[in-house]
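First up is the structure itself, then whatever we jot down about it.
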Amino acid sequence: MDDHYNSKNGERTTEHADHEGERDRGSEETNESADPRVEQSLLEDEADADEAEREVEHGEGGHGHDGHGDSDGHGGHDDHDDHGGMHAGHEQMFRRRFFVSTLLSIPVLLYSETLQQWLGFSVPAFPGSEWINPVFAIIVFAYGGVPFLRMAVPELRDRSPGMMTLISMAISVAFVYSLASVVFPTTTAFFWELVTLIDIMLLGHWIEMRSVRRASSALNELAKLIPDTAERISEDGGVEEVPVSDLSKNDLVLVRPGANVPADGVVEEGDSDVNEAMITGESRPVSKEPGDEVIGGTVNGDGSLRVRITATGEETALAGIMRLVEEAQGSKSKTQVLADRAAGWLFYVAVASATVTAVAWTVATSFGGPVIERAVTVLVIACPHALGLAIPLVVAINTSLAARNGMLVRDRIAMERARELDTVVFDKTGTLTKGEQGIVDVETVDDLAEDEAFALAAAVEGDSEHMIAQAIREAADERGVEPPNATRFEALKGRGVRATVDSETVYVGGPNLLSQLDGDAPPALTKFAERAGSNAQTVVYLVREDEPVAAFALADVVREESYQVVEALHELGVEVAMLTGDSEDVARAVAEELGIDTVFAEVLPEDKDEKIGELQSGGNLVAMVGDGVNDAPALTRADVGIAIGSGTDVAVQSADVILVQNNPLDVVRLVKLSRASYRKMQQNLVWAAGYNVFAIPLAAGALAPFGILLSPAVGALLMSLSTVIVAINAQFLRRVDLDLPSLPGVSPPATPRLAD
């Protein structure tokens with residue numbers, strides 16, 4: 001049956017292009033994003049007992065994963081557990097300091113004359129009660145303010161003031177000024193503003209660390225899916241329990257029902273359904289039989305499997321997924337870089353504003369306590385904590401959402417750039433199409449019903465393993481046709497197959513079959529074959545008792561999702577292009593069926609990147625969607641490289657984004673998430689910057705001629721409100737609708753459409 005047809009169209013090559021160098025585009029941002037955050041590096045030095053205990057729990061003994069890494073390169077996920085434990089430790093540290101500092105702040109608030117006047121209450125005085133405010137404020141400053149002071153040191157050392165410098169300046173100025181008020185009673189104290197400022201800073205950092213930890217916790221949960229031990233089958237057939245770290249390539253392991261697959265491998269024996277939702281996002285269990293690949297960490301169903309190990313440790317798909325997501329979490333986005341720079345600018349703005357304020361008020365009145373108070377107020381309310389939260393919270397949630405939806409973002413800049421895409425280029429075979437032969441059309445004569453033709457053909461092809469036979473059987477199954485019994489099956493080399501069905505001799509084969517039988521196809525079938533041939537499709541005939549009664553056209557079947565993704569991208573204002581090595585006729589037929597705007601046909605794999613360059617030279621921001629193998633140069637050249645493939649292909653180094661599921665509709669999810677995330681970043685920056693734009697001039701006394709002065713108390717209130725709004729607004733990103741096909745313009749066709 002090897003010669004069902006004489007030739008086949010081959011678009012793909014197996015050449016693999018690794019991309020290990022730095023990209024020219026965006027190198028500046030990449031280098032900038034590679035620097036570790038000052039805050040993170042200093043927080044690692046926190047040596048308090050609770051944090052150390054938490055790190056030991058997560059890093060050394062978390063989930064009992066001792067031994068998942070070793071010196072032989074089988075390393076597993078200890079590093080990831082350390083990473084998650086570190087964030088958890090930081091979160092607990094800020095949480096503890098927040099609650100302790102808030103508790104210690106209560107006496108300061110109660111004995112604040114300003115709050116008593118505002119709220120109309122009083123507390124009993126007693127000998128020494130005048131020391132409550134300074135004493136408790138000093139404790140809160142020493143305990144709650146220390147992390148910020150420590151994190152400001154490197155910024156000052158590098159002469160690059162930023163977020164931590166501003167925060168430290170605000171609380172330090174408020175602290176020193178308030179202590180001075182104890183010595184000089186005429187000076188207004190900032191004790192209650194100082195403690196609430198520190199409390200709000202701790203709350204904000206607790207929220208940020210909690211968001212980062214939640215974004216990382218998904219990775220830790222994935223790491224815990226790898227079992228501690230595996231049942232390895234020895235050469236004599238015996239089963240021994242060994243640590244997963246002892247597994248090597250080509251080991252044969254037994255995976256019992258309900259157990260987790262210990263490493264990537266290929267099924268050698270057994271049938272079962274495997275739950276891969278934690279890797280691919282596919283909720284339905286995937287049927288596995290001999291020859292199918294399985295991914296480490298997935299959960300076996302009711303059947304027993306014997307799996308030949310193909311990858312262990314850091315080479316597994318799960319390790320690749322965790323590594324890629326960690327890379328994304330460790331990089332900064334363009335907007336984050338902008339926010340950090342804005343904090344640096346704000347430092348100079350605050351100092352300059354305070355200086356100008358002091359000079360102006362001294363000239364207008366005279367130097368004294370009110371002038372110092374006004375300058376200090378400017379410095380205190382310039383604290384940019386809302387600005388510091390504006391981007392990290394959105395990025396942390398964005399990364400978590402992307403990972404949960406099967407999008408592994410290696411480059412955050414690419415994720416942001418996806419919102420601006422105006423052209424998405426798809427590779428055809430295996431991306432827009434299934435990459436396998438399927439029945440795309442059928443023609444019958446002599447009043448033969450199509451279902452009957454499929455039933456006869458499926459019966460004759462029942463024992464064949466040829467891909468055309470499989471396509472015929474699958475088409476019959478989709479139609480719900482039950483093939484009759486066939487006997488006396490015989491392969492006719494170079495021509496087709498023959499079998500007996502209901503006492504009739506039935507053939508299935510290509511044009512050579514008709515030549516052997518000295519039969520001529522009826523005019524209807526001849527025209528059908530000519531039309532199929534013009535579209536480079538393969539034609540096989542159904543012959544009953546030496547009379548051709550039906551013909552089937554086979555081609556690479558277009559995915560049903562491809563119709564949806566093209567329509568959805570058009571609704572989002574994005575043009576769609578297609579790259580293929582197929583002939584112009586075939587490419588045009590598929591493009592017209594899908595509604596694709598631009599087609600590049602008969603393109604060699606090594607020339608695909610040139611086509612991307614042509615689109616870019618026209619001023620387009622281009623994304624390339626391919627399989628990450630022979631599309632590597634094009635993925636690298638594109639503004640956003642998107643590799644699409646199964647979970648075992650996640651380590652494609654040439655792409656910015658890897659789509660774990662082999663579903664082109666995830667490209668639409670990517671664009672939607674990118675746009676939604678950017679909107680949240682913009683909104684948060686407006687709230688954060690708007691506070692300073694509004695508060696600093698008021699604190700400086702810009703409206704003093706009209707009797708309007710911003711007091712430190714009101715400034716602290718505005719700062720608190722800005723921080724809370726930014727934190728809540730970032731959480732709303734979790735509500736973005738990424739479900740498909742509930743996208744604009746996406747509605748699945750009433751009946752499956754096939755490629756011409």
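Chain labels follow the order of the structure tokens: the first chain is A, the next B, and so on; residue numbering restarts at 1 in every chain, and ligands are counted from 1 in their shown order.
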
DSSP on the backbone: what in region 338-558 of chain A comes out strand (DSSP E or B), as number ranges by chain? A: 407-409, 423-427, 433-444, 486-492, 496-501, 504-509, 538-544, 547-558

Can you pull out every residue within 8 Å of Phe148 (chain A), counting only C-alpha atoms, but drop anything in the same chain fewer than 3 positions away, and send it as a list of chain:residue names?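 Those residues are A:Gly145, A:Met151, A:Ala152, A:Met164, A:Ile167, A:Ser168.
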
Write the residues you've just listed into a file as a tab-separated table (two decimals), in the first residue's frame, and include N, CA and C atoms for each of them.
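Written out: part.tsv:
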```tsv
chain	number	residue	atom	x	y	z
A	145	GLY	N	10.82	50.53	59.59
A	145	GLY	CA	11.48	51.32	58.56
A	145	GLY	C	12.84	50.80	58.14
A	151	MET	N	17.53	48.99	51.86
A	151	MET	CA	17.40	48.86	50.41
A	151	MET	C	17.76	50.15	49.67
A	152	ALA	N	17.83	51.25	50.41
A	152	ALA	CA	18.21	52.51	49.76
A	152	ALA	C	19.73	52.66	49.65
A	164	MET	N	13.49	53.21	46.60
A	164	MET	CA	13.85	53.03	48.00
A	164	MET	C	14.45	54.31	48.59
A	167	ILE	N	11.47	56.57	49.46
A	167	ILE	CA	10.77	56.09	50.65
A	167	ILE	C	11.59	56.38	51.90
A	168	SER	N	12.89	56.06	51.84
A	168	SER	CA	13.76	56.29	52.99
A	168	SER	C	13.86	57.77	53.33
```

Restrict the calculation to only C-alpha atoms, then for each residue of region 534-611 of chain A with any atom at most 12 Å from an atom of region 454-459 of chain A give the closest atom pair and their distance in Å to one decimal, rows by chain and rising residue number, as JSON lines.
```
{"residue": "A:Val540", "atom": "CA", "partner": "A:Ala457", "partner_atom": "CA", "distance": 10.1}
{"residue": "A:Tyr541", "atom": "CA", "partner": "A:Ala457", "partner_atom": "CA", "distance": 9.1}
{"residue": "A:Leu542", "atom": "CA", "partner": "A:Ala457", "partner_atom": "CA", "distance": 6.6}
{"residue": "A:Val543", "atom": "CA", "partner": "A:Ala457", "partner_atom": "CA", "distance": 9.2}
{"residue": "A:Arg544", "atom": "CA", "partner": "A:Leu456", "partner_atom": "CA", "distance": 9.1}
{"residue": "A:Val549", "atom": "CA", "partner": "A:Leu456", "partner_atom": "CA", "distance": 10.7}
{"residue": "A:Ala550", "atom": "CA", "partner": "A:Phe454", "partner_atom": "CA", "distance": 9.2}
{"residue": "A:Ala551", "atom": "CA", "partner": "A:Ala457", "partner_atom": "CA", "distance": 10.1}
{"residue": "A:Phe552", "atom": "CA", "partner": "A:Phe454", "partner_atom": "CA", "distance": 9.2}
```

Store the residues picked out above in a file with N, CA and C atoms, as a PDB file, in the first residue's frame.
```
ATOM      1  N   VAL A 540      -7.783   9.219  -4.538  1.00  0.00           N
ATOM      2  CA  VAL A 540      -7.868   7.762  -4.536  1.00  0.00           C
ATOM      3  C   VAL A 540      -9.295   7.386  -4.927  1.00  0.00           C
ATOM      4  N   TYR A 541      -9.403   6.229  -5.582  1.00  0.00           N
ATOM      5  CA  TYR A 541     -10.694   5.797  -6.133  1.00  0.00           C
ATOM      6  C   TYR A 541     -11.230   4.606  -5.358  1.00  0.00           C
ATOM      7  N   LEU A 542     -12.550   4.530  -5.303  1.00  0.00           N
ATOM      8  CA  LEU A 542     -13.252   3.359  -4.793  1.00  0.00           C
ATOM      9  C   LEU A 542     -13.830   2.622  -6.001  1.00  0.00           C
ATOM     10  N   VAL A 543     -13.413   1.363  -6.172  1.00  0.00           N
ATOM     11  CA  VAL A 543     -13.833   0.571  -7.334  1.00  0.00           C
ATOM     12  C   VAL A 543     -14.588  -0.654  -6.831  1.00  0.00           C
ATOM     13  N   ARG A 544     -15.820  -0.823  -7.339  1.00  0.00           N
ATOM     14  CA  ARG A 544     -16.630  -1.976  -6.951  1.00  0.00           C
ATOM     15  C   ARG A 544     -16.905  -2.811  -8.190  1.00  0.00           C
ATOM     16  N   VAL A 549     -16.695   3.904  -8.579  1.00  0.00           N
ATOM     17  CA  VAL A 549     -17.977   4.433  -8.116  1.00  0.00           C
ATOM     18  C   VAL A 549     -17.807   5.662  -7.215  1.00  0.00           C
ATOM     19  N   ALA A 550     -16.588   5.959  -6.784  1.00  0.00           N
ATOM     20  CA  ALA A 550     -16.373   7.130  -5.929  1.00  0.00           C
ATOM     21  C   ALA A 550     -14.906   7.531  -5.988  1.00  0.00           C
ATOM     22  N   ALA A 551     -14.639   8.772  -5.639  1.00  0.00           N
ATOM     23  CA  ALA A 551     -13.264   9.267  -5.552  1.00  0.00           C
ATOM     24  C   ALA A 551     -13.156  10.157  -4.325  1.00  0.00           C
ATOM     25  N   PHE A 552     -12.009  10.060  -3.660  1.00  0.00           N
ATOM     26  CA  PHE A 552     -11.753  10.848  -2.458  1.00  0.00           C
ATOM     27  C   PHE A 552     -10.547  11.751  -2.709  1.00  0.00           C
TER      28      PHE A 552
END
```

Name all residues at most 8 Å from region 601-604 of chain A (count only C-alpha atoms; drop same-chain ones fewer than 6 positions away) and give them as an mmCIF file with N, CA, C and O atoms, in the first residue's frame.
```cif
data_model
loop_
_atom_site.group_PDB
_atom_site.id
_atom_site.type_symbol
_atom_site.label_atom_id
_atom_site.label_comp_id
_atom_site.auth_asym_id
_atom_site.auth_seq_id
_atom_site.Cartn_x
_atom_site.Cartn_y
_atom_site.Cartn_z
ATOM 1 N N LEU A 579 2.991 31.772 5.698
ATOM 2 C CA LEU A 579 4.223 31.325 5.068
ATOM 3 C C LEU A 579 4.138 29.827 4.812
ATOM 4 O O LEU A 579 3.726 29.072 5.692
ATOM 5 N N THR A 580 4.506 29.385 3.615
ATOM 6 C CA THR A 580 4.469 27.955 3.325
ATOM 7 C C THR A 580 5.428 27.610 2.203
ATOM 8 O O THR A 580 5.742 28.452 1.347
ATOM 9 N N GLY A 581 5.886 26.391 2.218
ATOM 10 C CA GLY A 581 6.710 25.891 1.122
ATOM 11 C C GLY A 581 5.883 25.234 0.041
ATOM 12 O O GLY A 581 6.412 24.797 -0.978
ATOM 13 N N ASP A 582 4.553 25.171 0.238
ATOM 14 C CA ASP A 582 3.663 24.568 -0.751
ATOM 15 C C ASP A 582 3.578 25.433 -2.004
ATOM 16 O O ASP A 582 3.989 26.594 -2.023
ATOM 17 N N SER A 583 2.981 24.851 -3.045
ATOM 18 C CA SER A 583 2.826 25.563 -4.309
ATOM 19 C C SER A 583 1.896 26.751 -4.142
ATOM 20 O O SER A 583 1.118 26.834 -3.183
ATOM 21 N N GLU A 584 1.952 27.662 -5.097
ATOM 22 C CA GLU A 584 1.120 28.855 -5.062
ATOM 23 C C GLU A 584 -0.359 28.497 -5.057
ATOM 24 O O GLU A 584 -1.153 29.105 -4.333
ATOM 25 N N ALA A 587 -1.382 27.165 -1.599
ATOM 26 C CA ALA A 587 -1.352 28.247 -0.616
ATOM 27 C C ALA A 587 -2.520 29.199 -0.806
ATOM 28 O O ALA A 587 -3.177 29.610 0.160
#
```

Name the residues of region 426-564 of chain A that come out as helix (DSSP H, G or I) in a backbone DSSP run; write them as JSON, numbers by chain. {"A": [428, 429, 430, 431, 432, 450, 451, 452, 453, 454, 455, 456, 457, 458, 459, 460, 461, 462, 463, 467, 468, 469, 470, 471, 472, 473, 474, 475, 476, 477, 478, 511, 512, 513, 514, 515, 516, 523, 524, 525, 526, 527, 528, 529, 530, 531, 532, 533, 534, 560, 561, 562, 563, 564]}

I need the residues from that last selection saved to file as a PDB file, in the first residue's frame (with C-alpha atoms), if you can.
```
ATOM      1  CA  LYS A 428       0.986  26.698   7.391  1.00  0.00           C
ATOM      2  CA  THR A 429       1.758  23.049   7.972  1.00  0.00           C
ATOM      3  CA  GLY A 430       1.265  21.941  11.551  1.00  0.00           C
ATOM      4  CA  THR A 431       0.122  25.392  12.662  1.00  0.00           C
ATOM      5  CA  LEU A 432      -2.874  26.419  10.560  1.00  0.00           C
ATOM      6  CA  GLU A 450     -21.446   9.278   0.320  1.00  0.00           C
ATOM      7  CA  ASP A 451     -21.875   7.455   3.627  1.00  0.00           C
ATOM      8  CA  GLU A 452     -22.019   4.126   1.785  1.00  0.00           C
ATOM      9  CA  ALA A 453     -18.851   5.036  -0.131  1.00  0.00           C
ATOM     10  CA  PHE A 454     -17.053   5.812   3.124  1.00  0.00           C
ATOM     11  CA  ALA A 455     -18.335   2.578   4.677  1.00  0.00           C
ATOM     12  CA  LEU A 456     -17.001   0.473   1.782  1.00  0.00           C
ATOM     13  CA  ALA A 457     -13.652   2.286   1.683  1.00  0.00           C
ATOM     14  CA  ALA A 458     -13.185   2.027   5.462  1.00  0.00           C
ATOM     15  CA  ALA A 459     -13.976  -1.675   5.328  1.00  0.00           C
ATOM     16  CA  VAL A 460     -11.360  -2.327   2.635  1.00  0.00           C
ATOM     17  CA  GLU A 461      -8.777  -0.176   4.440  1.00  0.00           C
ATOM     18  CA  GLY A 462      -9.504  -1.742   7.824  1.00  0.00           C
ATOM     19  CA  ASP A 463      -6.215  -3.652   8.040  1.00  0.00           C
ATOM     20  CA  MET A 467      -1.770   7.298   6.412  1.00  0.00           C
ATOM     21  CA  ILE A 468      -4.368   7.456   3.607  1.00  0.00           C
ATOM     22  CA  ALA A 469      -6.099   4.409   5.054  1.00  0.00           C
ATOM     23  CA  GLN A 470      -6.096   6.090   8.456  1.00  0.00           C
ATOM     24  CA  ALA A 471      -7.575   9.239   6.915  1.00  0.00           C
ATOM     25  CA  ILE A 472     -10.393   7.250   5.320  1.00  0.00           C
ATOM     26  CA  ARG A 473     -11.185   5.429   8.551  1.00  0.00           C
ATOM     27  CA  GLU A 474     -11.156   8.678  10.548  1.00  0.00           C
ATOM     28  CA  ALA A 475     -13.492  10.338   8.026  1.00  0.00           C
ATOM     29  CA  ALA A 476     -15.868   7.389   8.304  1.00  0.00           C
ATOM     30  CA  ASP A 477     -15.769   7.626  12.112  1.00  0.00           C
ATOM     31  CA  GLU A 478     -16.541  11.346  12.006  1.00  0.00           C
ATOM     32  CA  PRO A 511      -4.685   6.240 -10.735  1.00  0.00           C
ATOM     33  CA  ASN A 512      -2.403   3.224 -11.214  1.00  0.00           C
ATOM     34  CA  LEU A 513      -5.218   1.023  -9.933  1.00  0.00           C
ATOM     35  CA  LEU A 514      -7.495   2.133 -12.766  1.00  0.00           C
ATOM     36  CA  SER A 515      -4.733   1.444 -15.296  1.00  0.00           C
ATOM     37  CA  GLN A 516      -4.307  -2.096 -13.983  1.00  0.00           C
ATOM     38  CA  PRO A 523     -16.767  11.889 -16.469  1.00  0.00           C
ATOM     39  CA  ALA A 524     -17.875  13.152 -13.050  1.00  0.00           C
ATOM     40  CA  LEU A 525     -14.959  11.449 -11.323  1.00  0.00           C
ATOM     41  CA  THR A 526     -12.537  12.600 -14.049  1.00  0.00           C
ATOM     42  CA  LYS A 527     -13.552  16.243 -13.536  1.00  0.00           C
ATOM     43  CA  PHE A 528     -13.317  15.765  -9.791  1.00  0.00           C
ATOM     44  CA  ALA A 529      -9.770  14.384 -10.147  1.00  0.00           C
ATOM     45  CA  GLU A 530      -8.727  17.270 -12.402  1.00  0.00           C
ATOM     46  CA  ARG A 531     -10.058  19.820  -9.944  1.00  0.00           C
ATOM     47  CA  ALA A 532      -8.303  18.119  -7.044  1.00  0.00           C
ATOM     48  CA  GLY A 533      -5.074  17.854  -9.030  1.00  0.00           C
ATOM     49  CA  SER A 534      -5.084  21.580  -9.748  1.00  0.00           C
ATOM     50  CA  GLU A 560     -11.144  24.302  12.697  1.00  0.00           C
ATOM     51  CA  GLU A 561      -9.434  26.719  15.126  1.00  0.00           C
ATOM     52  CA  SER A 562      -7.664  28.386  12.194  1.00  0.00           C
ATOM     53  CA  TYR A 563     -10.927  29.821  10.885  1.00  0.00           C
ATOM     54  CA  GLN A 564     -11.592  31.248  14.320  1.00  0.00           C
TER      55      GLN A 564
END
```

Taking 3 positions as the minimum chain separation for residues in the same chain, which residues sit within 7 Å of Gly297 (chain A) when counting only C-alpha atoms? Answer as a list in words. Leu225, Ile226, Asn260, Val261, Pro262 and Ala263 of chain A

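Across A:Glu443, A:Arg210, A:Leu401, A:Phe121, the tightest approach to Gln92 (chain A) is made by A:Arg210 when counting only C-alpha atoms.
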
Near Trp361 (chain A), within 10 Å and counting only C-alpha atoms, which residues show up once chain neighbours fewer than 5 positions away are dropped, as a list in words? Val356, Ser366, Phe367, Gly368, Pro370, Val371, Ile372, Arg374, Ala375, Ala700 and Gly701 of chain A

May I ask which of the residues A:Gly613, A:Pro161, A:Pro484, A:Pro290 is the closest one to Tyr348 (chain A), counting only C-alpha atoms?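 Under the stated criterion, the closest residue is A:Pro161.
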
Could you name the residues that touch Val376 (chain A) at 9 Å or less, counting only C-alpha atoms, but leaving out those on the same chain fewer than 2 positions away, as an mmCIF file with N, CA and C atoms, in the first residue's frame?
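Contents of the output file result-v8.cif:
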```cif
data_model
loop_
_atom_site.group_PDB
_atom_site.id
_atom_site.type_symbol
_atom_site.label_atom_id
_atom_site.label_comp_id
_atom_site.auth_asym_id
_atom_site.auth_seq_id
_atom_site.Cartn_x
_atom_site.Cartn_y
_atom_site.Cartn_z
ATOM 1 N N ALA A 170 11.576 60.043 52.817
ATOM 2 C CA ALA A 170 10.312 60.489 53.407
ATOM 3 C C ALA A 170 10.218 60.119 54.878
ATOM 4 N N VAL A 173 13.083 61.941 57.023
ATOM 5 C CA VAL A 173 12.809 63.366 57.253
ATOM 6 C C VAL A 173 11.699 63.524 58.285
ATOM 7 N N ALA A 174 10.630 62.718 58.134
ATOM 8 C CA ALA A 174 9.529 62.794 59.095
ATOM 9 C C ALA A 174 10.006 62.413 60.493
ATOM 10 N N TYR A 177 12.459 65.240 61.863
ATOM 11 C CA TYR A 177 11.705 66.461 62.133
ATOM 12 C C TYR A 177 10.824 66.298 63.370
ATOM 13 N N ALA A 354 11.197 70.918 47.390
ATOM 14 C CA ALA A 354 11.371 71.289 48.796
ATOM 15 C C ALA A 354 12.289 72.496 48.932
ATOM 16 N N VAL A 371 8.183 77.377 57.734
ATOM 17 C CA VAL A 371 8.889 77.150 56.473
ATOM 18 C C VAL A 371 9.469 75.736 56.445
ATOM 19 N N ILE A 372 10.091 75.331 57.548
ATOM 20 C CA ILE A 372 10.661 73.973 57.623
ATOM 21 C C ILE A 372 9.544 72.943 57.500
ATOM 22 N N GLU A 373 8.426 73.213 58.182
ATOM 23 C CA GLU A 373 7.301 72.271 58.110
ATOM 24 C C GLU A 373 6.807 72.097 56.681
ATOM 25 N N ARG A 374 6.740 73.220 55.945
ATOM 26 C CA ARG A 374 6.252 73.140 54.572
ATOM 27 C C ARG A 374 7.215 72.341 53.693
ATOM 28 N N VAL A 378 6.568 68.543 51.799
ATOM 29 C CA VAL A 378 6.818 68.204 50.394
ATOM 30 C C VAL A 378 7.611 66.911 50.289
ATOM 31 N N LEU A 379 8.662 66.784 51.104
ATOM 32 C CA LEU A 379 9.501 65.584 51.040
ATOM 33 C C LEU A 379 8.746 64.343 51.500
ATOM 34 N N VAL A 380 7.901 64.495 52.512
ATOM 35 C CA VAL A 380 7.186 63.340 53.063
ATOM 36 C C VAL A 380 6.146 62.807 52.080
ATOM 37 N N ILE A 381 5.358 63.691 51.488
ATOM 38 C CA ILE A 381 4.265 63.200 50.647
ATOM 39 C C ILE A 381 4.736 62.837 49.242
ATOM 40 N N PRO A 712 0.297 67.697 56.201
ATOM 41 C CA PRO A 712 0.890 66.354 56.140
ATOM 42 C C PRO A 712 -0.142 65.249 56.345
#
```

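Comparing the minimum interatomic distances between Thr316 (chain A) and each of A:Ala352, A:Glu269, A:Asp631, A:Asp264, counting only C-alpha atoms, we find that A:Asp264 sits nearest.
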
Could you pull the residues within 10 Å of Pro134 (chain A), counting only C-alpha atoms, minus those fewer than 6 positions along the same chain, as a list in words?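 Close residues of Pro134 (chain A): Val108, Val140, Phe175, Ser178, Leu179, Ser181, Val182, Ala189, Phe190, Phe191 and Trp192 of chain A.
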
Could you write out the selected residues, including N, CA, C and O atoms, as an mmCIF file, in the first residue's frame?
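Final file, selection.cif:
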```cif
data_model
loop_
_atom_site.group_PDB
_atom_site.id
_atom_site.type_symbol
_atom_site.label_atom_id
_atom_site.label_comp_id
_atom_site.auth_asym_id
_atom_site.auth_seq_id
_atom_site.Cartn_x
_atom_site.Cartn_y
_atom_site.Cartn_z
ATOM 1 N N VAL A 108 0.110 55.792 69.160
ATOM 2 C CA VAL A 108 0.497 57.056 68.537
ATOM 3 C C VAL A 108 -0.723 57.751 67.946
ATOM 4 O O VAL A 108 -0.891 58.982 68.080
ATOM 5 N N VAL A 140 8.528 51.964 66.003
ATOM 6 C CA VAL A 140 7.993 51.642 64.678
ATOM 7 C C VAL A 140 9.017 51.965 63.591
ATOM 8 O O VAL A 140 9.209 51.190 62.647
ATOM 9 N N PHE A 175 10.881 61.426 60.578
ATOM 10 C CA PHE A 175 11.385 60.952 61.869
ATOM 11 C C PHE A 175 12.246 62.021 62.541
ATOM 12 O O PHE A 175 12.038 62.371 63.716
ATOM 13 N N SER A 178 10.220 65.114 63.507
ATOM 14 C CA SER A 178 9.345 64.880 64.654
ATOM 15 C C SER A 178 10.133 64.822 65.952
ATOM 16 O O SER A 178 9.683 65.321 66.991
ATOM 17 N N LEU A 179 11.314 64.213 65.919
ATOM 18 C CA LEU A 179 12.149 64.195 67.117
ATOM 19 C C LEU A 179 12.564 65.610 67.496
ATOM 20 O O LEU A 179 12.654 65.956 68.688
ATOM 21 N N SER A 181 10.815 68.107 67.153
ATOM 22 C CA SER A 181 9.676 68.777 67.784
ATOM 23 C C SER A 181 9.622 68.522 69.286
ATOM 24 O O SER A 181 8.998 69.278 70.027
ATOM 25 N N VAL A 182 10.249 67.424 69.722
ATOM 26 C CA VAL A 182 10.284 67.138 71.156
ATOM 27 C C VAL A 182 11.196 68.136 71.863
ATOM 28 O O VAL A 182 10.926 68.583 72.989
ATOM 29 N N ALA A 189 4.792 68.199 65.141
ATOM 30 C CA ALA A 189 5.333 66.843 65.023
ATOM 31 C C ALA A 189 4.600 66.073 63.937
ATOM 32 O O ALA A 189 3.419 66.304 63.667
ATOM 33 N N PHE A 190 5.329 65.115 63.312
ATOM 34 C CA PHE A 190 4.764 64.247 62.269
ATOM 35 C C PHE A 190 4.674 62.789 62.749
ATOM 36 O O PHE A 190 4.747 61.872 61.953
ATOM 37 N N PHE A 191 4.530 62.589 64.049
ATOM 38 C CA PHE A 191 4.626 61.223 64.568
ATOM 39 C C PHE A 191 3.555 60.307 63.971
ATOM 40 O O PHE A 191 3.839 59.186 63.549
ATOM 41 N N TRP A 192 2.295 60.776 63.948
ATOM 42 C CA TRP A 192 1.250 59.883 63.450
ATOM 43 C C TRP A 192 1.381 59.687 61.943
ATOM 44 O O TRP A 192 1.124 58.598 61.420
#
```

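Separating CA of Pro483 (chain A) from CA of Gly270 (chain A) is a distance of 26.8 Å.
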
Kindly indicate which residue among A:Thr165, A:Thr423, A:Asn663, A:Thr310 lies nearest to Ala638 (chain A), using only C-alpha atoms for the distances.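 Of A:Thr165, A:Thr423, A:Asn663, A:Thr310, the one nearest Ala638 (chain A), counting only C-alpha atoms, is A:Thr423.
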